[in-house]
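J.: Sharing input_34.csv here; it has CSV, C-alpha atoms.
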chain,number,residue,atom,x,y,z
G,1,MET,CA,128.3,109.4,88.7
G,2,GLU,CA,124.8,110.7,87.9
G,3,GLU,CA,124.3,108.0,85.3
G,4,THR,CA,125.2,105.2,87.7
G,5,LYS,CA,122.8,102.2,87.4
G,6,PHE,CA,121.1,101.5,90.7
G,7,THR,CA,119.1,98.6,92.0
G,8,PRO,CA,116.4,98.9,94.7
G,9,GLN,CA,119.0,97.7,97.2
G,10,THR,CA,121.7,100.2,96.3
G,11,TRP,CA,119.2,103.1,95.9
G,12,PRO,CA,120.0,105.6,98.6
G,13,ASP,CA,117.4,107.0,101.1
G,14,LYS,CA,116.3,110.5,100.1
G,15,ALA,CA,117.7,109.8,96.6
G,16,GLU,CA,116.3,113.2,95.5
G,17,GLN,CA,118.7,114.9,97.9
G,18,ALA,CA,121.7,112.5,97.7
G,19,THR,CA,123.7,114.9,95.5
G,20,LEU,CA,124.6,118.5,95.9
G,21,GLU,CA,122.7,119.1,92.7
G,22,GLY,CA,119.7,117.4,94.2
G,23,LYS,CA,119.8,119.5,97.4
G,24,ASN,CA,120.1,122.7,95.3
G,25,LYS,CA,117.0,121.7,93.2
G,26,PHE,CA,115.1,120.9,96.3
G,27,VAL,CA,115.8,124.3,98.0
G,28,GLY,CA,115.4,126.0,94.6
G,29,ILE,CA,111.9,124.8,94.0
G,30,TRP,CA,110.9,125.9,97.5
G,31,ILE,CA,112.3,129.4,97.2
G,32,PHE,CA,110.4,129.7,93.9
G,33,ILE,CA,107.2,128.6,95.6
G,34,CYS,CA,107.7,131.2,98.3
G,35,SER,CA,108.0,133.9,95.7
G,36,ASP,CA,104.9,132.4,94.0
G,37,ILE,CA,103.0,132.7,97.4
G,38,THR,CA,103.5,136.5,97.2
G,39,LEU,CA,102.4,136.6,93.5
G,40,PHE,CA,99.1,134.8,94.4
G,41,ALA,CA,98.7,136.9,97.5
G,42,SER,CA,98.6,140.0,95.3
G,43,VAL,CA,96.1,138.6,92.8
G,44,PHE,CA,93.9,137.2,95.6
G,45,ALA,CA,93.9,140.6,97.4
G,46,THR,CA,93.1,142.3,94.1
G,47,TYR,CA,90.2,139.9,93.5
G,48,LEU,CA,88.8,140.4,97.0
G,49,SER,CA,88.9,144.2,96.8
G,50,LEU,CA,87.3,144.3,93.3
G,51,LYS,CA,84.8,141.5,93.8
G,52,ASP,CA,81.3,142.4,92.3
G,53,LYS,CA,82.6,145.9,91.4
G,54,GLY,CA,82.0,147.2,87.9
G,55,PRO,CA,80.0,149.6,85.8
G,56,ALA,CA,76.7,150.8,87.3
G,57,GLY,CA,73.9,148.4,86.8
G,58,MET,CA,76.2,145.4,86.1
G,59,GLU,CA,74.2,142.3,85.9
G,60,PHE,CA,77.0,139.9,86.8
G,61,SER,CA,77.9,139.1,90.4
G,62,ALA,CA,79.7,136.2,92.1
G,63,ALA,CA,76.5,134.9,93.6
G,64,SER,CA,74.7,134.6,90.3
G,65,LEU,CA,77.7,133.6,88.2
G,66,PHE,CA,79.5,130.7,89.9
G,67,GLU,CA,78.2,127.1,90.0
G,68,LEU,CA,79.2,124.8,92.8
G,69,PRO,CA,78.9,121.4,91.1
G,70,LEU,CA,81.6,122.4,88.5
G,71,ALA,CA,83.9,123.8,91.2
G,72,PHE,CA,83.4,120.6,93.2
G,73,VAL,CA,84.3,118.3,90.4
G,74,MET,CA,87.4,120.4,89.6
G,75,THR,CA,88.5,120.3,93.2
G,76,MET,CA,88.1,116.6,93.4
G,77,LEU,CA,90.2,116.1,90.2
G,78,LEU,CA,93.0,118.3,91.4
G,79,LEU,CA,93.0,116.9,94.9
G,80,THR,CA,93.2,113.3,93.5
G,81,SER,CA,96.0,114.3,91.1
G,82,SER,CA,97.9,115.4,94.2
G,83,LEU,CA,97.5,111.9,95.7
G,84,THR,CA,98.6,110.2,92.5
G,85,SER,CA,101.8,112.3,92.5
G,86,VAL,CA,102.4,111.2,96.1
G,87,TYR,CA,102.1,107.6,94.8
G,88,ALA,CA,104.7,108.4,92.1
G,89,MET,CA,107.1,109.7,94.9
G,90,TYR,CA,106.4,106.5,96.9
G,91,HIS,CA,107.6,104.5,93.9
G,92,LEU,CA,110.6,106.8,93.5
G,93,LYS,CA,111.6,106.0,97.0
G,94,ASN,CA,111.4,102.2,96.2
G,95,HIS,CA,113.4,102.7,92.9
G,96,ASN,CA,110.4,101.5,90.9
G,97,PHE,CA,110.7,103.6,87.7
G,98,LYS,CA,107.7,102.1,86.0
G,99,GLY,CA,105.6,103.0,89.0
G,100,VAL,CA,106.9,106.6,88.9
G,101,GLN,CA,106.1,106.9,85.2
G,102,ILE,CA,102.6,105.4,85.5
G,103,TRP,CA,101.5,107.5,88.5
G,104,MET,CA,103.0,110.6,87.0
G,105,SER,CA,101.0,109.9,83.8
G,106,ILE,CA,97.8,109.5,85.8
G,107,THR,CA,98.6,112.8,87.4
G,108,VAL,CA,98.8,114.4,84.0
G,109,LEU,CA,95.5,112.9,82.9
G,110,LEU,CA,93.7,114.3,86.0
G,111,GLY,CA,95.4,117.6,85.5
G,112,LEU,CA,94.2,117.7,81.9
G,113,GLY,CA,90.7,116.9,83.1
G,114,PHE,CA,90.9,119.9,85.4
G,115,LEU,CA,92.2,122.1,82.7
G,116,ALA,CA,89.4,121.1,80.3
G,117,LEU,CA,86.8,122.0,82.8
G,118,GLU,CA,88.5,125.4,83.5
G,119,ILE,CA,88.6,126.2,79.8
G,120,TYR,CA,84.9,125.2,79.5
G,121,GLU,CA,84.1,127.5,82.4
G,122,PHE,CA,86.0,130.4,81.0
G,123,TYR,CA,84.4,129.8,77.6
G,124,HIS,CA,80.9,129.8,79.1
G,125,TYR,CA,81.5,133.1,81.0
G,126,VAL,CA,82.9,134.8,77.9
G,127,HIS,CA,79.9,133.5,75.9
G,128,ILE,CA,77.4,135.1,78.2
G,129,GLY,CA,79.2,138.4,78.1
G,130,PHE,CA,81.4,138.2,81.1
G,131,GLY,CA,84.7,138.8,79.3
G,132,TYR,CA,88.1,139.9,80.6
G,133,THR,CA,87.4,143.6,79.9
G,134,GLN,CA,83.8,143.6,81.0
G,135,SER,CA,84.4,145.0,84.5
G,136,ALA,CA,86.9,145.3,87.3
G,137,PHE,CA,85.4,142.2,88.8
G,138,SER,CA,85.8,140.1,85.6
G,139,SER,CA,89.4,141.3,85.1
G,140,ALA,CA,90.3,140.4,88.7
G,141,PHE,CA,88.6,137.0,88.5
G,142,PHE,CA,90.2,136.0,85.2
G,143,THR,CA,93.6,137.2,86.4
G,144,LEU,CA,93.4,135.2,89.6
G,145,VAL,CA,91.9,131.9,88.3
G,146,GLY,CA,93.9,132.3,85.0
G,147,THR,CA,97.2,132.7,86.8
G,148,HIS,CA,96.4,129.4,88.6
G,149,GLY,CA,95.4,127.8,85.3
G,150,LEU,CA,98.7,129.0,83.8
G,151,HIS,CA,100.5,127.2,86.6
G,152,VAL,CA,98.6,124.0,85.8
G,153,VAL,CA,99.6,124.3,82.2
G,154,ILE,CA,103.3,124.8,83.1
G,155,GLY,CA,103.1,121.9,85.6
G,156,LEU,CA,101.6,119.6,82.9
G,157,VAL,CA,104.2,120.5,80.3
G,158,TRP,CA,106.9,120.0,82.9
G,159,ILE,CA,105.8,116.6,83.9
G,160,VAL,CA,105.1,115.4,80.4
G,161,CYS,CA,108.6,116.5,79.4
G,162,LEU,CA,110.1,114.6,82.4
G,163,ILE,CA,108.1,111.4,81.5
G,164,VAL,CA,109.1,111.6,77.8
G,165,ARG,CA,112.7,112.6,78.2
G,166,ASN,CA,113.5,110.0,80.9
G,167,ALA,CA,111.5,107.2,79.4
G,168,LYS,CA,114.6,105.3,78.3
G,169,ARG,CA,117.0,106.6,80.9
G,170,GLY,CA,115.5,104.9,84.0
G,171,LEU,CA,115.7,106.3,87.5
G,172,ASN,CA,119.0,107.7,88.7
G,173,LEU,CA,120.4,110.4,90.9
G,174,TYR,CA,120.3,112.8,88.0
G,175,ASN,CA,116.6,112.7,87.3
G,176,ALA,CA,115.2,111.8,90.8
G,177,PRO,CA,115.4,115.4,92.0
G,178,LYS,CA,113.7,116.6,88.9
G,179,TYR,CA,110.7,114.3,89.5
G,180,TYR,CA,110.7,115.3,93.1
G,181,ALA,CA,110.7,119.1,92.3
G,182,ALA,CA,107.9,118.7,89.8
G,183,SER,CA,105.8,116.8,92.4
G,184,ILE,CA,106.3,119.6,95.0
G,185,PHE,CA,105.3,122.2,92.4
G,186,TRP,CA,102.2,120.1,91.6
G,187,HIS,CA,101.2,120.0,95.3
G,188,PHE,CA,101.6,123.8,95.5
G,189,ILE,CA,99.1,124.2,92.6
G,190,ASP,CA,96.7,122.2,94.7
G,191,VAL,CA,97.4,124.4,97.8
G,192,ILE,CA,96.5,127.5,95.8
G,193,TRP,CA,93.3,125.8,94.5
G,194,VAL,CA,92.1,125.1,98.0
G,195,PHE,CA,92.1,128.9,98.6
G,196,ILE,CA,90.5,129.6,95.2
G,197,PHE,CA,87.6,127.2,95.7
G,198,THR,CA,87.1,128.5,99.2
G,199,VAL,CA,87.5,132.3,98.6
G,200,VAL,CA,86.2,132.6,95.0
G,201,TYR,CA,83.6,129.9,94.6
G,202,LEU,CA,82.3,129.0,98.1
G,203,MET,CA,82.4,132.6,99.5
G,204,GLY,CA,81.3,133.8,96.0
G,205,VAL,CA,77.9,132.0,96.0
G,206,LEU,CA,77.3,133.3,99.6
G,207,GLY,CA,77.3,136.8,98.1
X,1,MET,CA,131.1,117.2,91.1
X,2,GLY,CA,127.6,118.5,91.9
X,3,HIS,CA,126.3,115.0,91.1
X,4,ASP,CA,128.8,113.1,93.3
X,5,THR,CA,127.6,111.1,96.3
X,6,GLN,CA,128.5,108.1,98.3
X,7,PHE,CA,126.2,105.1,98.5
X,8,GLN,CA,126.4,101.5,99.6
X,9,ALA,CA,124.2,98.5,99.1
X,10,LYS,CA,121.8,97.9,102.1
X,11,SER,CA,121.7,94.6,103.9
X,12,LYS,CA,118.7,92.5,103.2
X,13,LYS,CA,117.2,93.2,106.6
X,14,GLN,CA,117.7,97.0,106.3
X,15,TYR,CA,116.2,96.9,102.8
X,16,GLU,CA,113.1,95.0,103.9
X,17,TYR,CA,112.7,97.3,106.9
X,18,ASP,CA,112.9,100.4,104.6
X,19,ARG,CA,110.4,99.0,102.2
X,20,HIS,CA,108.0,98.3,105.0
X,21,HIS,CA,108.6,101.7,106.5
X,22,ASN,CA,107.9,103.3,103.1
X,23,ALA,CA,104.6,101.3,102.7
X,24,VAL,CA,103.5,102.4,106.2
X,25,HIS,CA,104.3,106.0,105.4
X,26,MET,CA,102.3,105.7,102.1
X,27,ARG,CA,99.3,104.4,104.1
X,28,LYS,CA,99.5,107.5,106.3
X,29,GLN,CA,99.5,109.6,103.2
X,30,VAL,CA,96.3,107.9,102.0
X,31,VAL,CA,94.7,108.7,105.4
X,32,ASN,CA,95.7,112.3,105.0
X,33,PHE,CA,94.2,112.4,101.6
X,34,ALA,CA,90.9,111.0,103.0
X,35,ILE,CA,90.9,113.7,105.6
X,36,MET,CA,91.4,116.4,102.9
X,37,ILE,CA,88.5,114.9,100.9
X,38,PHE,CA,86.3,115.0,104.0
X,39,LEU,CA,87.2,118.6,104.7
X,40,THR,CA,86.4,119.6,101.1
X,41,PHE,CA,83.0,117.8,101.4
X,42,LEU,CA,82.4,119.6,104.7
X,43,ALA,CA,83.2,123.0,103.2
X,44,PHE,CA,80.9,122.5,100.2
X,45,ALA,CA,78.2,121.0,102.5
X,46,VAL,CA,78.0,123.9,104.9
X,47,VAL,CA,77.6,126.3,102.0
X,48,VAL,CA,74.9,124.1,100.3
X,49,ALA,CA,73.1,123.7,103.7
X,50,ASP,CA,72.6,127.5,103.7
X,51,PHE,CA,73.6,128.4,107.2
X,52,SER,CA,74.1,132.1,108.1
X,53,ALA,CA,77.0,133.6,106.1
X,54,TYR,CA,78.5,134.8,109.4
X,55,PHE,CA,78.9,131.1,110.5
X,56,ILE,CA,79.9,129.7,107.1
X,57,LYS,CA,82.7,132.2,106.2
X,58,PRO,CA,85.0,131.6,109.2
X,59,VAL,CA,84.3,127.9,109.1
X,60,ILE,CA,85.2,127.3,105.5
X,61,LEU,CA,88.3,129.6,105.9
X,62,LEU,CA,89.4,127.5,108.8
X,63,LEU,CA,88.8,124.3,106.9
X,64,ALA,CA,90.9,125.7,104.0
X,65,GLY,CA,93.7,126.6,106.5
X,66,VAL,CA,93.7,123.1,108.0
X,67,GLN,CA,93.7,121.5,104.6
X,68,VAL,CA,96.6,123.6,103.4
X,69,VAL,CA,98.7,122.9,106.5
X,70,LEU,CA,98.0,119.2,105.9
X,71,GLN,CA,99.2,119.5,102.3
X,72,LEU,CA,102.3,121.4,103.2
X,73,TYR,CA,103.4,119.1,106.0
X,74,SER,CA,102.3,115.7,104.6
X,75,PHE,CA,102.2,115.8,100.8
X,76,MET,CA,105.0,118.4,100.5
X,77,HIS,CA,107.1,116.8,103.3
X,78,MET,CA,107.6,119.9,105.4
X,79,ASP,CA,107.4,117.6,108.4
X,80,ASP,CA,110.6,116.0,107.3
X,81,LYS,CA,113.1,117.8,109.5
X,82,LYS,CA,116.0,115.9,108.0
X,83,ALA,CA,115.4,117.2,104.5
X,84,SER,CA,118.0,119.6,103.2
X,85,HIS,CA,117.5,123.2,104.5
X,86,MET,CA,114.1,122.5,105.9
X,87,GLY,CA,114.6,125.3,108.5
X,88,VAL,CA,115.2,127.9,105.7
X,89,ILE,CA,112.3,126.5,103.7
X,90,SER,CA,109.9,126.7,106.7
X,91,THR,CA,111.0,130.3,107.5
X,92,PHE,CA,110.4,131.4,103.9
X,93,VAL,CA,107.0,129.7,103.6
X,94,TRP,CA,105.7,131.2,106.9
X,95,PHE,CA,107.2,134.6,106.1
X,96,GLY,CA,105.4,134.3,102.7
X,97,ALA,CA,102.2,133.7,104.6
X,98,VAL,CA,102.7,136.8,106.7
X,99,ILE,CA,103.3,138.9,103.6
X,100,ALA,CA,100.2,137.4,102.0
X,101,PHE,CA,98.1,138.3,105.1
X,102,THR,CA,99.5,141.8,105.2
X,103,MET,CA,98.6,142.2,101.5
X,104,PHE,CA,95.0,141.1,102.2
X,105,LEU,CA,94.7,143.5,105.1
X,106,THR,CA,96.1,146.4,103.0
X,107,PHE,CA,94.0,145.8,99.9
X,108,LEU,CA,90.8,145.3,101.9
X,109,THR,CA,91.2,148.3,104.1
X,110,ILE,CA,92.7,151.0,101.8
X,111,ILE,CA,91.0,150.2,98.5
X,112,TRP,CA,87.4,151.3,98.1
X,113,TRP,CA,85.1,151.8,95.1
Could I get this file's structure written as structure tokens?

T.:
Amino acid sequence: MEETKFTPQTWPDKAEQATLEGKNKFVGIWIFICSDITLFASVFATYLSLKDKGPAGMEFSAASLFELPLAFVMTMLLLTSSLTSVYAMYHLKNHNFKGVQIWMSITVLLGLGFLALEIYEFYHYVHIGFGYTQSAFSSAFFTLVGTHGLHVVIGLVWIVCLIVRNAKRGLNLYNAPKYYAASIFWHFIDVIWVFIFTVVYLMGVLG
Amino acid sequence: MGHDTQFQAKSKKQYEYDRHHNAVHMRKQVVNFAIMIFLTFLAFAVVVADFSAYFIKPVILLLAGVQVVLQLYSFMHMDDKKASHMGVISTFVWFGAVIAFTMFLTFLTIIWW
């Protein structure tokens, strides 16, 4: 059944939830996201309570460290990648597999751009002496932003695997929920980033 | 068995209607995206404009809140009440938000340096 060939006219509405397996995947990814909310809540709370704290006379502070132009470009990249994965899901609804693959690939490219900038940023901080073990502030910062970065890496690997493994299979009820779950996860990464750029970067430069 | 389902070919009229409906929905998503971009610009702009921190902090937190709700309900389809188990999902998400808030409150009030 799952390998049935569909045409746009036989493709069911809500194809990602047409099977029991699809429904399970849909609820499953959401339950995972809810547990992830609490993970991020704890690293966020840790960061906020340890912000600017460290050894006496520490030269580093959020106000002097963070630069808004870089955070702005990273935000735009991730926000746009969220829209491109919405486009992929639009084509999934219309049973246009090529569209899904192309828009998911664009999402991956934007995600890679974001990741490259984040790696550059971390490299820069470590280079000027703000390493992971430098202070309570640096540990909390790298743990928070790094955990988000790890999610981006996992999301990218996940989507690339989907694109490659299903390249010859075409769209069916077996892989539609998989694409859908990956897209929900990718949006969640963007949700977390909205809080990171607000709480860490914008409120950081305010001091 | 987990992969079983029933489906039937749509009539031409129904098919065309659904395609149109999907396209209209996608246009709404693009509008939502434009709103999110605008809110992001606004958040960065009030910080760069150098207003008082007492004004900026609540405003950018509010903007972040609006943007996240927009993401959850439009891009992540939490507005789709017909989706499988959406009631359970909403409950978990908002309960997660309550736990997150409690955590902020605790960490910011009982931890000192």

J.: Where does chain G meet chain X within 7 Å, residue by residue, with the nearest atom pair and distance in Å to one decimal for each, counting only C-alpha atoms, listed by chain and rising number, as CSV?

T.:
residue,atom,partner,partner_atom,distance
G:Met1,CA,X:Asp4,CA,5.9
G:Glu2,CA,X:His3,CA,5.6
G:Gln9,CA,X:Ala9,CA,5.6
G:Thr10,CA,X:Ala9,CA,4.1
G:Pro12,CA,X:Phe7,CA,6.2
G:Ala18,CA,X:Thr5,CA,6.2
G:Thr19,CA,X:His3,CA,5.1
G:Leu20,CA,X:Gly2,CA,5.0
G:Glu21,CA,X:Gly2,CA,5.0
G:Lys23,CA,X:Ser84,CA,6.1
G:Val27,CA,X:His85,CA,6.8
G:Trp30,CA,X:Ile89,CA,6.4
G:Cys34,CA,X:Val93,CA,5.6
G:Ile37,CA,X:Gly96,CA,6.0
G:Thr38,CA,X:Ala100,CA,5.9
G:Ala41,CA,X:Ala100,CA,4.8
G:Ser42,CA,X:Met103,CA,6.6
G:Ala45,CA,X:Phe104,CA,4.9
G:Thr46,CA,X:Phe107,CA,6.8
G:Ser49,CA,X:Leu108,CA,5.6
G:Leu83,CA,X:Phe33,CA,6.8
G:Val86,CA,X:Phe75,CA,6.6
G:Tyr90,CA,X:Met26,CA,6.7
G:Asn94,CA,X:Arg19,CA,6.9
G:Ile184,CA,X:Met76,CA,5.8
G:His187,CA,X:Met76,CA,6.6
G:Val191,CA,X:Val68,CA,5.7
G:Val194,CA,X:Ala64,CA,6.1
G:Phe195,CA,X:Ala64,CA,6.4
G:Thr198,CA,X:Ile60,CA,6.7
G:Leu202,CA,X:Val47,CA,6.7
G:Met203,CA,X:Lys57,CA,6.7
G:Leu206,CA,X:Ala53,CA,6.5

J.: Within 8 Å of range 168-173 of chain G, counting all atoms listed in the file, which residues show up once you throw out same-chain ones fewer than 5 positions away? Write them as a ChimeraX atom specification, please.

T.: /G:2-6,15-16,18-19,22,92,95-97 /X:3

J.: Compare G:Ile154, G:Thr143, G:His127, G:Phe72 by their minimum atom-to-atom distance to Leu112 in chain G, counting all atoms listed in the file, and give me the closest one.

T.: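 The closest residue to Leu112 in chain G is G:Ile154.
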
J.: Could you tell me how far CA of Ser135 in chain G lies from CA of Asp52 in chain G, in Å and to one decimal?

T.: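 These atoms are spaced 8.8 Å apart.
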
J.: Take CA of Leu70 in chain G and CA of Gly113 in chain G and report the distance between them in Å, one decimal.

T.: 11.9 Å

J.: How many Å separate CA of Tyr87 in chain G from CA of Leu115 in chain G?

T.: 21.3 Å

J.: Identify which of the residues X:Tyr17, X:Phe38, X:Ala45, X:Tyr73 lies closest to Pro69 in chain G, counting only C-alpha atoms when measuring atom-to-atom distances.

T.: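 Of X:Tyr17, X:Phe38, X:Ala45, X:Tyr73, the one nearest Pro69 in chain G, counting only C-alpha atoms, is X:Ala45.
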
J.: Which residue gives the smallest distance to Leu42 in chain X among X:Val24, X:Lys13, X:Val59, X:Met78, with only C-alpha atoms counted?

T.: X:Val59

J.: Applying 9 Å and only C-alpha atoms, which residues near Lys51 in chain G remain after dropping the ones on its own chain fewer than 3 positions away? List them as a PDB file with C-alpha atoms, keeping the file's coordinate frame.

T.:
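What landed in result37.pdb:
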ATOM      1  CA  THR G  46      93.100 142.300  94.100  1.00  0.00           C
ATOM      2  CA  TYR G  47      90.200 139.900  93.500  1.00  0.00           C
ATOM      3  CA  LEU G  48      88.800 140.400  97.000  1.00  0.00           C
ATOM      4  CA  GLY G  54      82.000 147.200  87.900  1.00  0.00           C
ATOM      5  CA  SER G  61      77.900 139.100  90.400  1.00  0.00           C
ATOM      6  CA  ALA G  62      79.700 136.200  92.100  1.00  0.00           C
ATOM      7  CA  ALA G 136      86.900 145.300  87.300  1.00  0.00           C
ATOM      8  CA  PHE G 137      85.400 142.200  88.800  1.00  0.00           C
ATOM      9  CA  SER G 138      85.800 140.100  85.600  1.00  0.00           C
ATOM     10  CA  ALA G 140      90.300 140.400  88.700  1.00  0.00           C
ATOM     11  CA  PHE G 141      88.600 137.000  88.500  1.00  0.00           C
ATOM     12  CA  GLY G 204      81.300 133.800  96.000  1.00  0.00           C
TER      13      GLY G 204
END

J.: Please determine, counting all atoms listed in the file, which residue among G:Leu79, G:Leu162, G:Leu150, G:Leu39 has the shortest atom-to-atom distance to Ile35 in chain X.

T.: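 Looking only at the distances to Ile35 in chain X, the closest residue turns out to be G:Leu79.
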
J.: Restricting the calculation to all atoms listed in the file, which member of G:Ile119, G:Cys161, G:Leu110, G:Met104 is positioned closest to Met76 in chain G?

T.: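 Between G:Ile119, G:Cys161, G:Leu110, G:Met104, the residue approaching Met76 in chain G most closely is G:Leu110.
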
J.: From the options G:Tyr132, G:Phe122, G:Phe142, G:Phe40, which residue's atoms come nearest to Phe188 in chain G, counting all atoms listed in the file?

T.: G:Phe40
